[in-house]
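Next comes coords07.cif, a file with mmCIF, C-alpha atoms.
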```
data_final
loop_
_atom_site.label_atom_id
_atom_site.label_comp_id
_atom_site.auth_asym_id
_atom_site.auth_seq_id
_atom_site.Cartn_x
_atom_site.Cartn_y
_atom_site.Cartn_z
CA MET A 1 46.86 32.37 -3.41
CA LEU A 2 47.19 35.86 -1.99
CA ARG A 3 50.78 34.98 -1.13
CA ALA A 4 51.48 33.85 -4.69
CA VAL A 5 50.29 37.17 -6.16
CA ILE A 6 52.10 39.29 -3.57
CA GLY A 7 55.27 37.23 -3.95
CA ARG A 8 55.21 37.54 -7.72
CA ASP A 9 54.64 41.29 -7.68
CA LEU A 10 57.35 41.89 -5.08
CA ARG A 11 59.80 39.83 -7.08
CA LEU A 12 58.98 41.84 -10.19
CA ALA A 13 59.41 45.08 -8.25
CA MET A 14 62.80 43.94 -6.99
CA ARG A 15 63.91 43.38 -10.58
CA ARG A 16 62.83 46.94 -11.37
CA GLN A 17 64.20 48.79 -8.39
CA ALA A 18 64.69 51.96 -10.42
CA ASP A 19 60.93 52.56 -10.26
CA ILE A 20 60.82 52.36 -6.47
CA VAL A 21 63.89 54.54 -6.07
CA ALA A 22 62.50 57.12 -8.51
CA ALA A 23 59.25 57.46 -6.54
CA MET A 24 61.18 57.80 -3.28
CA PHE A 25 63.45 60.49 -4.66
CA PHE A 26 60.45 62.31 -6.06
CA PHE A 27 58.96 62.32 -2.56
CA ILE A 28 62.20 63.54 -0.99
CA ILE A 29 62.74 66.30 -3.54
CA VAL A 30 59.18 67.64 -3.53
CA VAL A 31 59.17 67.80 0.26
CA SER A 32 62.61 69.42 0.36
CA LEU A 33 61.70 72.10 -2.18
CA PHE A 34 59.17 73.70 0.15
CA PRO A 35 61.53 74.87 2.92
CA LEU A 36 63.80 76.24 0.18
CA GLY A 37 60.91 78.01 -1.51
CA VAL A 38 59.08 79.56 1.42
CA GLY A 39 62.08 80.44 3.53
CA PRO A 40 63.39 79.27 6.91
CA GLU A 41 60.62 80.60 9.15
CA PRO A 42 60.17 77.76 11.74
CA ASP A 43 56.59 78.63 12.69
CA GLN A 44 55.44 78.76 9.10
CA LEU A 45 57.25 75.54 8.21
CA ARG A 46 55.79 73.72 11.19
CA ARG A 47 52.29 74.79 10.16
CA MET A 48 52.59 73.65 6.58
CA ALA A 49 54.55 70.45 7.21
CA PRO A 50 51.63 67.99 7.48
CA GLY A 51 50.00 69.26 4.30
CA VAL A 52 53.22 69.30 2.32
CA LEU A 53 54.24 65.80 3.37
CA TRP A 54 50.82 64.39 2.70
CA VAL A 55 50.43 66.03 -0.72
CA ALA A 56 53.89 64.82 -1.68
CA ALA A 57 52.91 61.31 -0.56
CA LEU A 58 49.78 61.42 -2.74
CA LEU A 59 51.79 62.51 -5.77
CA ALA A 60 54.51 59.93 -5.17
CA THR A 61 51.88 57.19 -4.97
CA MET A 62 50.37 58.43 -8.24
CA LEU A 63 53.71 57.89 -10.00
CA SER A 64 53.59 54.12 -9.71
CA LEU A 65 49.83 53.69 -10.19
CA PRO A 66 49.65 53.65 -14.01
CA ARG A 67 51.88 50.56 -14.09
CA LEU A 68 49.83 48.65 -11.54
CA PHE A 69 47.93 46.76 -14.24
CA ALA A 70 49.38 48.15 -17.48
CA ASP A 71 52.39 45.80 -17.61
CA ASP A 72 50.27 42.74 -16.92
CA HIS A 73 47.80 43.93 -19.55
CA ARG A 74 50.49 44.39 -22.18
CA ASP A 75 52.14 40.99 -21.86
CA GLY A 76 48.93 39.00 -21.51
CA THR A 77 49.41 38.08 -17.85
CA LEU A 78 46.26 39.94 -16.88
CA GLU A 79 44.20 37.53 -19.00
CA GLN A 80 45.75 34.65 -17.13
CA LEU A 81 44.98 36.31 -13.80
CA ALA A 82 41.38 36.85 -14.90
CA LEU A 83 41.14 33.18 -15.89
CA ALA A 84 42.64 31.90 -12.64
CA PRO A 85 40.24 29.77 -10.61
CA GLN A 86 39.86 32.37 -7.85
CA PRO A 87 37.81 35.53 -7.64
CA LEU A 88 39.63 38.27 -9.53
CA GLY A 89 38.95 40.58 -6.58
CA LEU A 90 41.20 38.47 -4.39
CA ILE A 91 44.01 38.67 -6.93
CA VAL A 92 43.53 42.44 -7.09
CA LEU A 93 43.73 42.57 -3.30
CA GLY A 94 47.09 40.81 -3.53
CA LYS A 95 48.30 43.33 -6.09
CA VAL A 96 47.10 46.23 -3.93
CA ILE A 97 48.99 44.87 -0.93
CA ALA A 98 52.13 44.40 -3.03
CA HIS A 99 51.75 47.93 -4.39
CA TRP A 100 51.52 49.31 -0.88
CA LEU A 101 54.61 47.40 0.24
CA VAL A 102 56.56 48.81 -2.68
CA ALA A 103 55.13 52.32 -3.04
CA GLY A 104 53.51 53.15 0.32
CA LEU A 105 55.76 51.66 2.95
CA PRO A 106 58.95 53.48 1.80
CA LEU A 107 57.09 56.79 2.16
CA VAL A 108 56.11 55.90 5.72
CA ILE A 109 59.74 55.15 6.54
CA LEU A 110 61.05 58.32 4.90
CA ALA A 111 58.44 60.70 6.33
CA PRO A 112 59.85 61.13 9.88
CA VAL A 113 63.29 61.93 8.48
CA LEU A 114 61.85 64.52 6.12
CA GLY A 115 59.64 65.91 8.88
CA ILE A 116 62.76 67.05 10.74
CA GLN A 117 63.36 69.59 7.98
CA PHE A 118 60.13 71.25 9.07
CA ASP A 119 61.10 71.36 12.73
CA LEU A 120 58.22 69.09 13.77
CA SER A 121 58.10 68.02 17.40
CA ARG A 122 58.69 64.39 18.29
CA ASP A 123 54.96 63.81 18.93
CA ALA A 124 54.02 65.35 15.62
CA LEU A 125 56.57 63.21 13.81
CA ALA A 126 55.19 60.07 15.43
CA VAL A 127 51.61 60.96 14.48
CA LEU A 128 52.71 61.84 10.95
CA THR A 129 54.29 58.42 10.57
CA VAL A 130 51.26 56.66 12.02
CA SER A 131 48.87 58.64 9.84
CA LEU A 132 50.87 57.69 6.73
CA LEU A 133 51.02 54.08 7.88
CA ILE A 134 47.25 53.98 8.17
CA GLY A 135 46.47 56.20 5.19
CA THR A 136 48.76 54.94 2.43
CA PRO A 137 46.99 51.56 2.06
CA ALA A 138 43.84 53.53 1.26
CA LEU A 139 45.79 55.36 -1.46
CA SER A 140 46.82 52.04 -3.05
CA GLY A 141 43.29 50.65 -2.83
CA ILE A 142 41.49 53.68 -4.24
CA GLY A 143 44.22 54.13 -6.83
CA ALA A 144 43.68 50.58 -8.09
CA ILE A 145 40.13 51.47 -9.14
CA GLY A 146 41.43 54.37 -11.19
CA ALA A 147 44.25 52.33 -12.67
CA ALA A 148 41.79 49.65 -13.79
CA LEU A 149 39.33 52.17 -15.24
CA THR A 150 42.01 53.91 -17.31
CA LEU A 151 43.63 50.67 -18.49
CA GLY A 152 44.31 50.75 -22.21
CA VAL A 153 43.17 54.36 -22.55
CA ARG A 154 45.49 56.63 -24.49
CA GLY A 155 46.86 59.35 -22.24
CA GLY A 156 45.64 57.24 -19.34
CA GLY A 157 48.23 58.68 -16.95
CA VAL A 158 46.77 62.17 -16.92
CA LEU A 159 43.24 60.85 -16.83
CA LEU A 160 44.21 58.64 -13.92
CA SER A 161 45.41 61.65 -11.92
CA LEU A 162 42.23 63.58 -12.66
CA LEU A 163 40.16 60.60 -11.60
CA VAL A 164 42.03 59.52 -8.51
CA LEU A 165 43.35 62.71 -6.90
CA PRO A 166 39.85 64.03 -6.03
CA LEU A 167 39.11 60.68 -4.40
CA TYR A 168 42.24 61.08 -2.29
CA ILE A 169 40.89 64.29 -0.71
CA PRO A 170 39.32 62.64 2.37
CA VAL A 171 42.54 60.73 3.06
CA LEU A 172 44.51 63.95 2.72
CA ILE A 173 42.18 65.89 5.04
CA PHE A 174 42.20 63.34 7.83
CA GLY A 175 45.87 62.45 7.39
CA ALA A 176 47.15 65.99 7.52
CA GLY A 177 44.43 66.83 10.07
CA ALA A 178 45.77 64.25 12.50
CA VAL A 179 49.19 65.92 12.54
CA ASP A 180 47.62 69.40 12.77
CA ALA A 181 45.53 68.30 15.71
CA THR A 182 48.63 67.02 17.50
CA VAL A 183 50.51 70.25 16.89
CA SER A 184 47.62 72.32 18.23
CA GLY A 185 47.24 70.00 21.23
CA LEU A 186 43.86 68.46 20.39
CA GLY A 187 44.97 64.87 20.05
CA PRO A 188 44.88 62.89 16.81
CA GLN A 189 42.59 60.00 17.80
CA ALA A 190 39.47 61.14 15.94
CA HIS A 191 41.35 61.79 12.72
CA LEU A 192 43.25 58.55 12.91
CA SER A 193 40.07 56.54 13.49
CA LEU A 194 38.45 58.07 10.43
CA LEU A 195 41.62 57.45 8.47
CA GLY A 196 41.54 53.83 9.59
CA ALA A 197 37.97 53.50 8.40
CA LEU A 198 38.96 54.93 5.00
CA ALA A 199 41.88 52.52 4.77
CA LEU A 200 39.78 49.49 5.62
CA GLY A 201 37.14 50.55 3.12
CA GLY A 202 39.76 51.35 0.49
CA VAL A 203 41.66 48.09 0.79
CA PHE A 204 38.81 45.64 1.20
CA PHE A 205 36.08 47.28 -0.85
CA ALA A 206 38.12 48.67 -3.75
CA PRO A 207 39.31 45.30 -5.18
CA TRP A 208 35.78 44.36 -6.29
CA PRO A 209 34.97 47.38 -8.47
CA THR A 210 38.58 47.15 -9.68
CA ALA A 211 38.01 43.55 -10.74
CA ALA A 212 34.83 44.55 -12.58
CA ALA A 213 36.70 47.34 -14.38
CA LEU A 214 39.50 44.94 -15.35
CA ARG A 215 37.00 42.50 -16.84
CA VAL A 216 35.56 45.30 -18.95
CA ALA A 217 39.05 46.33 -20.05
CA LEU A 218 39.79 42.74 -21.13
CA GLU A 219 36.68 42.32 -23.27
CA MET B 1 31.35 18.38 -22.94
CA LEU B 2 31.80 21.75 -24.60
CA GLU B 3 28.81 22.97 -26.56
CA ALA B 4 28.36 26.25 -28.34
CA SER B 5 25.09 27.23 -29.92
CA ASN B 6 24.28 30.11 -32.25
CA LEU B 7 27.19 32.27 -31.19
CA GLU B 8 27.39 35.73 -32.64
CA CYS B 9 30.27 38.15 -32.45
CA VAL B 10 30.03 41.86 -33.14
CA ARG B 11 33.12 44.05 -33.20
CA GLY B 12 32.33 47.74 -33.46
CA GLU B 13 29.52 47.98 -36.00
CA ARG B 14 30.43 44.82 -37.91
CA SER B 15 29.17 41.38 -37.29
CA LEU B 16 32.15 39.04 -37.58
CA PHE B 17 30.25 35.80 -37.43
CA ALA B 18 26.80 34.60 -36.49
CA ASP B 19 25.15 31.28 -35.92
CA VAL B 20 28.30 29.41 -34.99
CA SER B 21 27.46 26.12 -33.29
CA PHE B 22 29.60 23.15 -32.44
CA ARG B 23 29.99 20.38 -29.95
CA LEU B 24 33.21 18.95 -28.66
CA ASP B 25 33.67 15.83 -26.54
CA GLY B 26 36.59 14.34 -24.67
CA GLY B 27 39.48 13.40 -26.95
CA GLU B 28 38.39 15.80 -29.67
CA MET B 29 40.08 18.84 -31.06
CA LEU B 30 38.44 21.77 -32.78
CA TYR B 31 40.57 23.36 -35.42
CA LEU B 32 39.39 26.92 -36.07
CA GLN B 33 40.21 28.30 -39.44
CA GLY B 34 39.48 31.49 -41.28
CA ARG B 35 41.12 34.51 -42.83
CA ASN B 36 42.75 37.23 -40.78
CA GLY B 37 40.07 39.20 -39.02
CA SER B 38 37.41 36.54 -39.35
CA GLY B 39 36.95 36.41 -35.58
CA LYS B 40 38.98 33.38 -34.56
CA THR B 41 40.55 35.05 -31.56
CA SER B 42 37.20 36.58 -30.60
CA LEU B 43 35.62 33.13 -30.63
CA LEU B 44 38.42 31.74 -28.46
CA ARG B 45 38.01 34.57 -25.97
CA MET B 46 34.28 33.86 -25.88
CA LEU B 47 35.00 30.23 -25.08
CA CYS B 48 37.09 31.43 -22.11
CA ALA B 49 34.31 33.79 -21.01
CA LEU B 50 36.69 36.74 -21.40
CA THR B 51 34.37 38.34 -23.96
CA PRO B 52 30.62 37.89 -23.61
CA ALA B 53 28.84 36.58 -26.70
CA VAL B 54 26.33 38.98 -28.24
CA SER B 55 23.92 36.10 -28.56
CA GLY B 56 24.07 32.36 -28.21
CA GLU B 57 25.30 30.21 -25.39
CA ILE B 58 28.33 28.18 -24.41
CA ARG B 59 27.87 25.18 -22.16
CA TRP B 60 30.49 23.15 -20.34
CA ARG B 61 29.34 19.77 -19.05
CA GLY B 62 25.80 20.95 -19.65
CA ALA B 63 25.89 24.19 -17.66
CA PRO B 64 26.40 27.71 -19.08
CA ILE B 65 30.01 28.82 -18.52
CA GLY B 66 28.92 32.20 -17.21
CA LYS B 67 27.19 30.49 -14.31
CA LEU B 68 30.00 28.01 -13.66
CA GLY B 69 32.56 30.79 -13.26
CA GLU B 70 35.47 29.57 -11.17
CA GLU B 71 34.46 25.95 -11.60
CA PHE B 72 34.86 26.31 -15.35
CA ARG B 73 38.05 28.34 -15.08
CA SER B 74 39.67 25.61 -13.00
CA GLU B 75 39.31 23.28 -15.98
CA LEU B 76 40.46 25.76 -18.59
CA CYS B 77 43.93 26.46 -19.86
CA TYR B 78 44.18 29.45 -22.18
CA LEU B 79 47.19 30.47 -24.15
CA GLY B 80 46.65 33.72 -25.99
CA HIS B 81 48.44 35.73 -28.65
CA GLN B 82 50.65 37.16 -26.00
CA ASN B 83 52.92 34.81 -24.17
CA ALA B 84 51.89 35.90 -20.68
CA ILE B 85 55.44 35.63 -19.48
CA LYS B 86 57.21 38.32 -17.51
CA GLU B 87 60.31 39.69 -19.19
CA GLU B 88 62.00 40.34 -15.84
CA LEU B 89 61.56 36.79 -14.60
CA THR B 90 63.40 33.70 -15.78
CA PRO B 91 61.54 30.94 -17.66
CA PHE B 92 61.76 28.84 -14.50
CA GLU B 93 60.19 31.55 -12.32
CA ASN B 94 57.57 32.24 -14.96
CA LEU B 95 56.55 28.61 -15.12
CA LEU B 96 56.35 28.25 -11.34
CA SER B 97 54.43 31.47 -10.79
CA ALA B 98 51.98 30.60 -13.59
CA ALA B 99 51.33 27.24 -11.94
CA ARG B 100 50.91 28.82 -8.52
CA LEU B 101 48.48 31.42 -9.85
CA ALA B 102 46.46 28.66 -11.51
CA GLN B 103 46.54 26.76 -8.20
CA GLU B 104 48.34 23.80 -9.65
CA VAL B 105 50.95 21.75 -7.93
CA LEU B 106 54.23 21.88 -9.80
CA ASP B 107 57.46 21.00 -8.06
CA GLU B 108 60.76 22.50 -9.12
CA GLU B 109 62.04 19.30 -10.64
CA ALA B 110 58.99 18.91 -12.88
CA ALA B 111 59.35 22.53 -13.93
CA LEU B 112 63.00 22.03 -14.89
CA GLU B 113 62.10 18.89 -16.82
CA ALA B 114 59.34 20.73 -18.67
CA LEU B 115 61.76 23.49 -19.64
CA ALA B 116 64.33 20.96 -20.81
CA LEU B 117 61.64 19.27 -22.89
CA VAL B 118 60.77 22.50 -24.72
CA GLY B 119 64.46 23.05 -25.40
CA LEU B 120 65.29 25.68 -22.83
CA ARG B 121 67.88 23.66 -20.95
CA GLY B 122 70.61 26.03 -19.85
CA ARG B 123 68.31 29.03 -20.23
CA GLU B 124 66.25 28.40 -17.10
CA ASP B 125 67.96 31.16 -15.15
CA LEU B 126 68.18 33.77 -17.86
CA ALA B 127 65.70 36.64 -17.66
CA CYS B 128 63.12 36.22 -20.43
CA ARG B 129 63.94 39.57 -22.02
CA TYR B 130 67.22 38.03 -23.26
CA LEU B 131 65.39 35.23 -25.04
CA SER B 132 64.44 35.24 -28.70
CA GLN B 133 60.82 35.41 -29.81
CA GLY B 134 60.70 31.67 -30.42
CA GLN B 135 62.31 30.90 -27.08
CA LYS B 136 59.78 33.10 -25.30
CA ARG B 137 57.01 31.18 -27.01
CA ARG B 138 58.66 27.94 -25.90
CA ALA B 139 58.81 29.25 -22.34
CA ALA B 140 55.10 30.01 -22.51
CA LEU B 141 54.31 26.60 -24.01
CA ALA B 142 56.25 24.81 -21.26
CA ARG B 143 53.07 25.27 -19.23
CA LEU B 144 51.37 22.67 -21.40
CA VAL B 145 53.83 19.92 -20.47
CA ASN B 146 52.34 19.30 -17.03
CA GLU B 147 48.93 20.73 -17.78
CA LYS B 148 46.15 18.49 -16.47
CA ARG B 149 43.17 20.76 -17.03
CA ALA B 150 40.60 19.35 -19.41
CA LEU B 151 40.04 22.15 -21.91
CA TRP B 152 42.93 23.75 -23.75
CA VAL B 153 42.20 26.91 -25.70
CA LEU B 154 45.24 27.83 -27.76
CA ASP B 155 45.50 30.91 -29.96
CA GLU B 156 48.09 30.30 -32.69
CA PRO B 157 50.28 28.04 -30.58
CA TYR B 158 52.74 27.40 -33.40
CA VAL B 159 53.60 31.02 -34.15
CA ALA B 160 57.34 31.82 -34.00
CA LEU B 161 58.28 28.18 -33.41
CA ASP B 162 60.75 26.16 -35.46
CA PRO B 163 59.58 22.87 -37.06
CA ALA B 164 60.97 20.72 -34.25
CA ALA B 165 59.11 22.76 -31.63
CA VAL B 166 55.92 22.67 -33.69
CA GLU B 167 56.11 18.90 -33.72
CA LEU B 168 56.72 18.85 -29.99
CA VAL B 169 53.67 21.01 -29.29
CA ALA B 170 51.54 18.93 -31.64
CA GLY B 171 52.72 15.89 -29.66
CA LEU B 172 51.69 17.53 -26.39
CA ILE B 173 48.26 18.29 -27.79
CA GLY B 174 47.98 14.73 -29.07
CA ALA B 175 48.84 13.28 -25.67
CA HIS B 176 46.30 15.60 -24.06
CA LEU B 177 43.59 14.42 -26.45
CA GLN B 178 44.53 10.81 -25.86
CA ALA B 179 44.08 11.34 -22.13
CA GLY B 180 40.52 12.44 -22.83
CA GLY B 181 41.14 16.18 -22.94
CA LEU B 182 39.66 18.75 -25.29
CA ALA B 183 41.48 21.33 -27.34
CA VAL B 184 40.39 24.30 -29.40
CA LEU B 185 43.05 25.98 -31.45
CA THR B 186 43.64 28.33 -34.32
CA THR B 187 46.56 28.20 -36.67
CA HIS B 188 47.45 29.06 -40.23
CA GLN B 189 49.95 26.22 -40.45
CA THR B 190 48.96 22.71 -41.42
CA VAL B 191 50.09 20.56 -38.55
CA THR B 192 48.95 17.02 -37.94
CA VAL B 193 48.27 16.18 -34.36
CA PRO B 194 49.28 12.55 -33.75
CA ALA B 195 46.15 11.44 -31.89
CA GLY B 196 42.55 12.37 -31.29
CA ALA B 197 39.63 13.23 -33.52
CA VAL B 198 39.88 16.52 -35.34
CA ARG B 199 36.94 18.71 -36.23
CA GLU B 200 37.26 21.78 -38.35
CA LEU B 201 35.32 24.99 -38.25
CA TRP B 202 35.62 27.68 -40.87
CA LEU B 203 34.82 31.22 -39.94
CA GLY B 204 34.24 33.75 -42.63
CA ASP B 205 32.00 36.29 -44.29
CA GLY B 206 29.25 36.30 -41.76
CA ASP B 207 28.48 32.60 -41.90
CA ALA B 208 30.36 29.60 -40.69
CA THR B 209 30.58 26.30 -42.47
CA ARG B 210 31.64 23.20 -40.77
CA ARG B 211 33.13 19.95 -41.81
CA SER B 212 34.50 16.93 -40.07
CA ARG B 213 37.09 14.42 -40.99
#
```

What do you get writing this file as structure tokens?
Amino acid sequence: MLRAVIGRDLRLAMRRQADIVAAMFFFIIVVSLFPLGVGPEPDQLRRMAPGVLWVAALLATMLSLPRLFADDHRDGTLEQLALAPQPLGLIVLGKVIAHWLVAGLPLVILAPVLGIQFDLSRDALAVLTVSLLIGTPALSGIGAIGAALTLGVRGGGVLLSLLVLPLYIPVLIFGAGAVDATVSGLGPQAHLSLLGALALGGVFFAPWPTAAALRVALE
Amino acid sequence: MLEASNLECVRGERSLFADVSFRLDGGEMLYLQGRNGSGKTSLLRMLCALTPAVSGEIRWRGAPIGKLGEEFRSELCYLGHQNAIKEELTPFENLLSAARLAQEVLDEEAALEALALVGLRGREDLACRYLSQGQKRRAALARLVNEKRALWVLDEPYVALDPAAVELVAGLIGAHLQAGGLAVLTTHQTVTVPAGAVRELWLGDGDATRRSR
């Protein structure tokens, strides 16, 4: 069942590659603007790198969130999903996983390359990648709640950002904090553990309130 | 099998209908009629438990559908206003993914046969956005060909179809009724379904009248 939902969403994403590419380029450009804007001071760049990369990752994830349920809602597929003989939460979990594969995983792969622009050490780059790998699933999970709550609302995109970005703050703090801790020699374990807890909570708890919100949106 | 008692629907401040009751057994079809805005679609969505009824109760095999949940949904096939097909996917992929999501077994051969039956032979591998409105509806209705679930809830199934396709769908519904299934549908077209007992329910102006034939 989970496989059927993930497979369907991935296939749809492959037919709409422009969306994935757009989010990736957004990530690349936002990250690249900072060194150009603040000047080539290696110390300064190294210090701001984790924050910049993580904020850019949050914003890039936000780009694809409004469409997470909106397309299915518009063409009536969401009704069919809600009427499927499985818990809607499970179906949402499948959609969250598919969203992460399409919107989160590319960021994880791009991040180490972009980190080089900020003169990050090899250790810091590795931790940055790991922190994004652990943290981005949480972004997809938490984002799904917001996407479901703003479904069918006019101007939902802006509302979605206002709703979801504050909820991303803990992920941002521990994600960027892990890289900071590595740079300053403290070791990232504590931050990564907390990030892992957030991700587990986000991915496995979020589908249920999301399902409830979707049922309300369908009424 | 399907019983509704004293259903009431309120949209915004207005009560669309109240005190709607009916009973439907195997092999019977309920034909919902009423003017535009009389609450036909709302009633269908209530029967699917998508919209909760303001008051009244719907029972399936004697138990309230809210309690049955997944058990009820595994016996329900709903076809709404919207076709629920993905424009990016082909009719073939749409049919297979719909079956998989509904946890039904449908092999590729049966899917191709179903598409040929609804007149989409040669269009199986064309993305649905290149299809006409009627062809999209046919792609959506292809689900009914191999549909074994007992209760069909169809919202305007004949919309956008040509006369030949209307007859085909009526035939599918007839065969379903003959096999002991139930169907609830709305339509503004007069279409005779070849088999099964037909009940009619009129919705309108706050009260519902009912007649059988």

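For the pair atom CA of His191 of chain A and atom CA of Leu132 of chain A, the interatomic distance is 12.0 Å.
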
Please, which residues in chain B fall within 12 Å of chain A when counting only C-alpha atoms, and what is the closest atom pair and distance in Å to one decimal for each, ordered by chain then residue number, as a tab-separated table?
```
residue	atom	partner	partner_atom	distance
B:Cys9	CA	A:Glu219	CA	11.9
B:Val10	CA	A:Glu219	CA	11.9
B:Arg11	CA	A:Glu219	CA	10.7
B:Thr41	CA	A:Glu219	CA	11.7
B:Ser42	CA	A:Glu219	CA	9.3
B:Leu43	CA	A:Glu219	CA	11.8
B:Leu44	CA	A:Glu219	CA	11.9
B:Arg45	CA	A:Glu219	CA	8.3
B:Met46	CA	A:Glu219	CA	9.2
B:Leu47	CA	A:Leu83	CA	11.4
B:Cys48	CA	A:Leu83	CA	7.6
B:Ala49	CA	A:Leu83	CA	8.6
B:Leu50	CA	A:Glu219	CA	5.9
B:Thr51	CA	A:Glu219	CA	4.7
B:Pro52	CA	A:Glu219	CA	7.5
B:Ala53	CA	A:Glu219	CA	10.3
B:Val54	CA	A:Glu219	CA	12.0
B:Leu68	CA	A:Pro85	CA	10.8
B:Gly69	CA	A:Pro85	CA	8.2
B:Glu70	CA	A:Pro85	CA	4.8
B:Glu71	CA	A:Pro85	CA	7.0
B:Phe72	CA	A:Pro85	CA	8.0
B:Arg73	CA	A:Pro85	CA	5.2
B:Ser74	CA	A:Pro85	CA	4.8
B:Glu75	CA	A:Pro85	CA	8.5
B:Leu76	CA	A:Leu83	CA	7.9
B:Cys77	CA	A:Leu83	CA	8.3
B:Tyr78	CA	A:Gln80	CA	7.4
B:Leu79	CA	A:Gln80	CA	8.3
B:Gly80	CA	A:Gly76	CA	7.3
B:His81	CA	A:Gly76	CA	7.9
B:Gln82	CA	A:Gly76	CA	5.1
B:Asn83	CA	A:Gly76	CA	6.4
B:Ala84	CA	A:Thr77	CA	4.3
B:Ile85	CA	A:Thr77	CA	6.7
B:Lys86	CA	A:Asp75	CA	7.2
B:Glu87	CA	A:Asp75	CA	8.7
B:Glu88	CA	A:Arg15	CA	6.4
B:Leu89	CA	A:Leu12	CA	7.2
B:Thr90	CA	A:Leu12	CA	10.8
B:Glu93	CA	A:Arg8	CA	9.0
B:Asn94	CA	A:Arg8	CA	9.3
B:Leu95	CA	A:Arg8	CA	11.7
B:Leu96	CA	A:Ala4	CA	10.0
B:Ser97	CA	A:Arg8	CA	6.8
B:Ala98	CA	A:Gln80	CA	8.2
B:Ala99	CA	A:Ala4	CA	9.8
B:Arg100	CA	A:Ala4	CA	6.3
B:Leu101	CA	A:Ala4	CA	6.4
B:Ala102	CA	A:Ala84	CA	5.1
B:Gln103	CA	A:Met1	CA	7.4
B:Glu104	CA	A:Pro85	CA	10.1
B:Ala127	CA	A:Arg15	CA	9.9
B:Arg129	CA	A:Asp75	CA	11.9
B:Lys136	CA	A:Asp75	CA	11.5
B:Ala140	CA	A:Thr77	CA	10.9
B:Arg149	CA	A:Pro85	CA	11.4
B:Val153	CA	A:Leu83	CA	11.7
```

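Counting all atoms listed in the file and comparing A:Val153, A:Val55, A:Ala197, A:Val164, the residue that lies closest to Phe34 of chain A is A:Val55.
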
Name the closest residue to Asp19 of chain B among the candidates B:Ala139, B:Ala179, B:Leu172, B:Glu57; distances are taken between atoms, counting all atoms listed in the file.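 Ranked by minimum distance to Asp19 of chain B, first place goes to B:Glu57.
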
Please determine, counting all atoms listed in the file, which residue among A:Arg47, A:Arg67, A:His99, A:Arg122 has the shortest atom-to-atom distance to Thr136 of chain A.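 Of the candidates, the smallest distance to Thr136 of chain A is held by A:His99.
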